[in-house]
Amino acid sequence: MVRRGRVRGRMPLVLVLPAVLGLAFLVVPLLGLLLRAPWATLPERLFSAEVGQALRLSVVCASLATVICLVLGIPLAWVLARGDVPGRGVLRALVTVPLVLPPVVGGVALLLVLGRRGVVGQWLDSWFGVSLPFTTAGVVVAEAFVAMPFLVISVEGALRAADPRFEEAAATLGASRWLTFRRVTLPSVAPGVVAGTVLCWARALGEFGATITFAGNFPGETTTMPLAVYLALESDPDAAIVLSVVLLAVSVTVLASLRDRWVGGS
């Protein structure tokens, strides 16, 4: 044990120096944001009409997108973790594509599929009179598309780590598959569901590229906080800093709430 502690305690300078530079590279811009924030007028700007409108729209859209991700993502995670379906590896790769796909490309893909002349959108428009692009509903769809993989990956990992013997015991006692899923499976993976939900909501709140491409930028209708930051940089930099501080605070809160799962896992 002593020898292991000594090995772990060694910190070669050739590794420490790049580590410090890497930490500074990530932390200094955030500190700069906090130092330049207009703290004296922060409450006034935070409760201004423009900031409040963007904040409310962002929270509502991110929450609705998270609900969609929960309804669709949990069953999808169960299929990937427990379902006996062919090509699960391919399905898992497809699910994770939005994680590495540039959000703007995702917005273009949504526009080509759900636009008025899209593969699916043309039928939604002609049959039901529903047009998703450049609407608040379009914001929700774009955010759900980008954020759902975070929920699916988290829940799938929790399902794979869960002990299947409890589900087998419930089945031997006569419980149906749906009852077993509701009363045994979901409670056993609740921490993974909560972690995935929080990450999903935070990712939806900060979405920019797919939103501006698919839903546009219309104040009061599709202008979420990231879009408001982009607009304010040109006309009111202090407002952009205030919105950025709010998003930073949300991100830090998310990491703090998931500290035991993601940071303290070692």
# chains A, B, ... in the order shown; residues from 1 in each chain; ligands from 1
$ select_by_dssp --residues "range 52-237 of chain A" --states "helix (DSSP H, G or I)" --output "ChimeraX atom specification"
/A:52-82,88-100,103-114,121-128,136-161,165-172,177-188,190-205,209-214,225-235,237
$ residues_around --residues "Val141 in chain A" --least-positions-apart "6" --cutoff "10 Å" --atoms "only C-alpha atoms" --output "list in words"
Cys61, Ala62, Leu64, Ala65, Ile68, Cys69, Gly107, Leu110, Leu114, Leu132, Pro133, Thr135, Ala147, Ala204, Ala210, Thr211, Phe214 and Ala215 of chain A
$ write_last_selection --atoms "N, CA, C and O atoms" --output "mmCIF file, in the first residue's frame"
data_model
loop_
_atom_site.group_PDB
_atom_site.id
_atom_site.type_symbol
_atom_site.label_atom_id
_atom_site.label_comp_id
_atom_site.auth_asym_id
_atom_site.auth_seq_id
_atom_site.Cartn_x
_atom_site.Cartn_y
_atom_site.Cartn_z
ATOM 1 N N CYS A 61 -38.805 25.471 -23.516
ATOM 2 C CA CYS A 61 -38.454 24.597 -24.646
ATOM 3 C C CYS A 61 -37.546 23.456 -24.192
ATOM 4 O O CYS A 61 -37.725 22.309 -24.622
ATOM 5 N N ALA A 62 -36.562 23.763 -23.339
ATOM 6 C CA ALA A 62 -35.671 22.709 -22.858
ATOM 7 C C ALA A 62 -36.432 21.682 -22.028
ATOM 8 O O ALA A 62 -36.171 20.476 -22.117
ATOM 9 N N LEU A 64 -39.720 20.914 -22.315
ATOM 10 C CA LEU A 64 -40.547 20.119 -23.222
ATOM 11 C C LEU A 64 -39.694 19.131 -24.014
ATOM 12 O O LEU A 64 -40.092 17.976 -24.221
ATOM 13 N N ALA A 65 -38.528 19.571 -24.459
ATOM 14 C CA ALA A 65 -37.628 18.664 -25.181
ATOM 15 C C ALA A 65 -37.184 17.515 -24.289
ATOM 16 O O ALA A 65 -37.080 16.369 -24.744
ATOM 17 N N ILE A 68 -39.929 14.920 -24.097
ATOM 18 C CA ILE A 68 -39.922 14.098 -25.309
ATOM 19 C C ILE A 68 -38.797 13.068 -25.243
ATOM 20 O O ILE A 68 -38.984 11.886 -25.590
ATOM 21 N N CYS A 69 -37.641 13.501 -24.796
ATOM 22 C CA CYS A 69 -36.500 12.577 -24.693
ATOM 23 C C CYS A 69 -36.776 11.464 -23.692
ATOM 24 O O CYS A 69 -36.374 10.316 -23.907
ATOM 25 N N GLY A 107 -29.484 20.532 -37.844
ATOM 26 C CA GLY A 107 -30.574 21.434 -38.207
ATOM 27 C C GLY A 107 -30.936 21.343 -39.674
ATOM 28 O O GLY A 107 -32.119 21.368 -40.037
ATOM 29 N N LEU A 110 -32.895 18.115 -40.138
ATOM 30 C CA LEU A 110 -34.274 18.279 -39.683
ATOM 31 C C LEU A 110 -35.088 19.091 -40.680
ATOM 32 O O LEU A 110 -36.267 18.799 -40.931
ATOM 33 N N LEU A 114 -38.354 17.547 -42.008
ATOM 34 C CA LEU A 114 -39.580 18.075 -41.403
ATOM 35 C C LEU A 114 -40.010 19.416 -41.966
ATOM 36 O O LEU A 114 -41.003 19.988 -41.501
ATOM 37 N N LEU A 132 -43.461 22.713 -38.673
ATOM 38 C CA LEU A 132 -42.564 22.820 -37.530
ATOM 39 C C LEU A 132 -41.444 23.844 -37.696
ATOM 40 O O LEU A 132 -41.093 24.516 -36.721
ATOM 41 N N PRO A 133 -40.826 23.993 -38.865
ATOM 42 C CA PRO A 133 -39.702 24.928 -38.974
ATOM 43 C C PRO A 133 -40.099 26.356 -38.631
ATOM 44 O O PRO A 133 -41.223 26.798 -38.904
ATOM 45 N N THR A 135 -40.735 27.791 -35.802
ATOM 46 C CA THR A 135 -41.752 27.930 -34.767
ATOM 47 C C THR A 135 -41.158 27.498 -33.428
ATOM 48 O O THR A 135 -40.067 26.913 -33.375
ATOM 49 N N ALA A 147 -30.227 16.562 -27.811
ATOM 50 C CA ALA A 147 -30.033 16.198 -26.410
ATOM 51 C C ALA A 147 -30.359 14.741 -26.101
ATOM 52 O O ALA A 147 -29.859 14.205 -25.102
ATOM 53 N N ALA A 204 -30.078 20.690 -23.918
ATOM 54 C CA ALA A 204 -31.145 21.349 -24.666
ATOM 55 C C ALA A 204 -31.149 22.850 -24.394
ATOM 56 O O ALA A 204 -31.375 23.652 -25.301
ATOM 57 N N ALA A 210 -28.436 23.768 -34.235
ATOM 58 C CA ALA A 210 -29.625 23.146 -34.817
ATOM 59 C C ALA A 210 -30.842 24.044 -34.668
ATOM 60 O O ALA A 210 -31.715 24.085 -35.545
ATOM 61 N N THR A 211 -30.899 24.800 -33.567
ATOM 62 C CA THR A 211 -32.047 25.677 -33.328
ATOM 63 C C THR A 211 -32.110 26.798 -34.346
ATOM 64 O O THR A 211 -33.159 27.044 -34.959
ATOM 65 N N PHE A 214 -32.921 25.264 -37.905
ATOM 66 C CA PHE A 214 -34.241 24.664 -38.117
ATOM 67 C C PHE A 214 -35.380 25.580 -37.684
ATOM 68 O O PHE A 214 -36.433 25.606 -38.320
ATOM 69 N N ALA A 215 -35.167 26.346 -36.594
ATOM 70 C CA ALA A 215 -36.251 27.163 -36.052
ATOM 71 C C ALA A 215 -36.073 28.652 -36.309
ATOM 72 O O ALA A 215 -37.006 29.430 -36.079
#
$ closest_atom_pairs --of "range 110-164 of chain A" --to "range 85-94 of chain A" --cutoff "10 Å" --atoms "only C-alpha atoms" --output "JSON lines"
{"residue": "A:Pro149", "atom": "CA", "partner": "A:Arg92", "partner_atom": "CA", "distance": 9.6}
{"residue": "A:Val152", "atom": "CA", "partner": "A:Arg92", "partner_atom": "CA", "distance": 9.4}
{"residue": "A:Ile153", "atom": "CA", "partner": "A:Arg92", "partner_atom": "CA", "distance": 8.9}
{"residue": "A:Glu156", "atom": "CA", "partner": "A:Arg92", "partner_atom": "CA", "distance": 10.0}
$ residues_around --residues "Phe208 in chain A" --least-positions-apart "4" --cutoff "7 Å" --atoms "only C-alpha atoms" --output "PDB file with N, CA and C atoms, in the first residue's frame"
ATOM      1  N   ILE A 212     -31.003  27.495 -34.549  1.00  0.00           N
ATOM      2  CA  ILE A 212     -31.025  28.631 -35.467  1.00  0.00           C
ATOM      3  C   ILE A 212     -31.200  28.179 -36.913  1.00  0.00           C
ATOM      4  N   PRO A 226     -29.012  31.017 -25.954  1.00  0.00           N
ATOM      5  CA  PRO A 226     -27.810  31.030 -26.801  1.00  0.00           C
ATOM      6  C   PRO A 226     -27.958  31.946 -28.015  1.00  0.00           C
ATOM      7  N   LEU A 227     -29.136  31.960 -28.627  1.00  0.00           N
ATOM      8  CA  LEU A 227     -29.361  32.844 -29.758  1.00  0.00           C
ATOM      9  C   LEU A 227     -29.364  34.305 -29.318  1.00  0.00           C
TER      10      LEU A 227
END
$ residues_around --residues "Met148 in chain A" --least-positions-apart "3" --cutoff "7 Å" --atoms "only C-alpha atoms" --output "list of chain:residue names"
A:Cys69, A:Gly73, A:Ala144, A:Phe145, A:Leu151, A:Val152, A:Cys200
$ atom_distance --atom1 "CA of Leu247 in chain A" --atom2 "CA of Ala202 in chain A"
9.0 Å
$ residues_around --residues "range 120-123 of chain A" --least-positions-apart "5" --cutoff "12 Å" --atoms "only C-alpha atoms" --output "list in words"
Ala109, Leu110, Leu111, Leu112, Val113, Leu114, Gly115, Phe128, Gly129, Val130, Ser131, Leu132, Pro133 and Gly138 of chain A
$ closest_residue --among "A:Leu124, A:Ile241, A:Ala228, A:Val100" --to "Leu55 in chain A" --atoms "only C-alpha atoms"
A:Ala228
$ residues_around --residues "range 182-197 of chain A" --least-positions-apart "4" --cutoff "8 Å" --atoms "only C-alpha atoms" --output "list in words"
Thr66, Leu70, Phe150, Leu151, Val152, Ile153, Ser154, Val155, Gly157, Ala158, Leu159, Ala162, Phe166, Glu167, Ala170, Trp178, Trp201, Leu258 and Arg261 of chain A
$ atom_distance --atom1 "CA of Leu15 in chain A" --atom2 "CA of Val27 in chain A"
18.3 Å
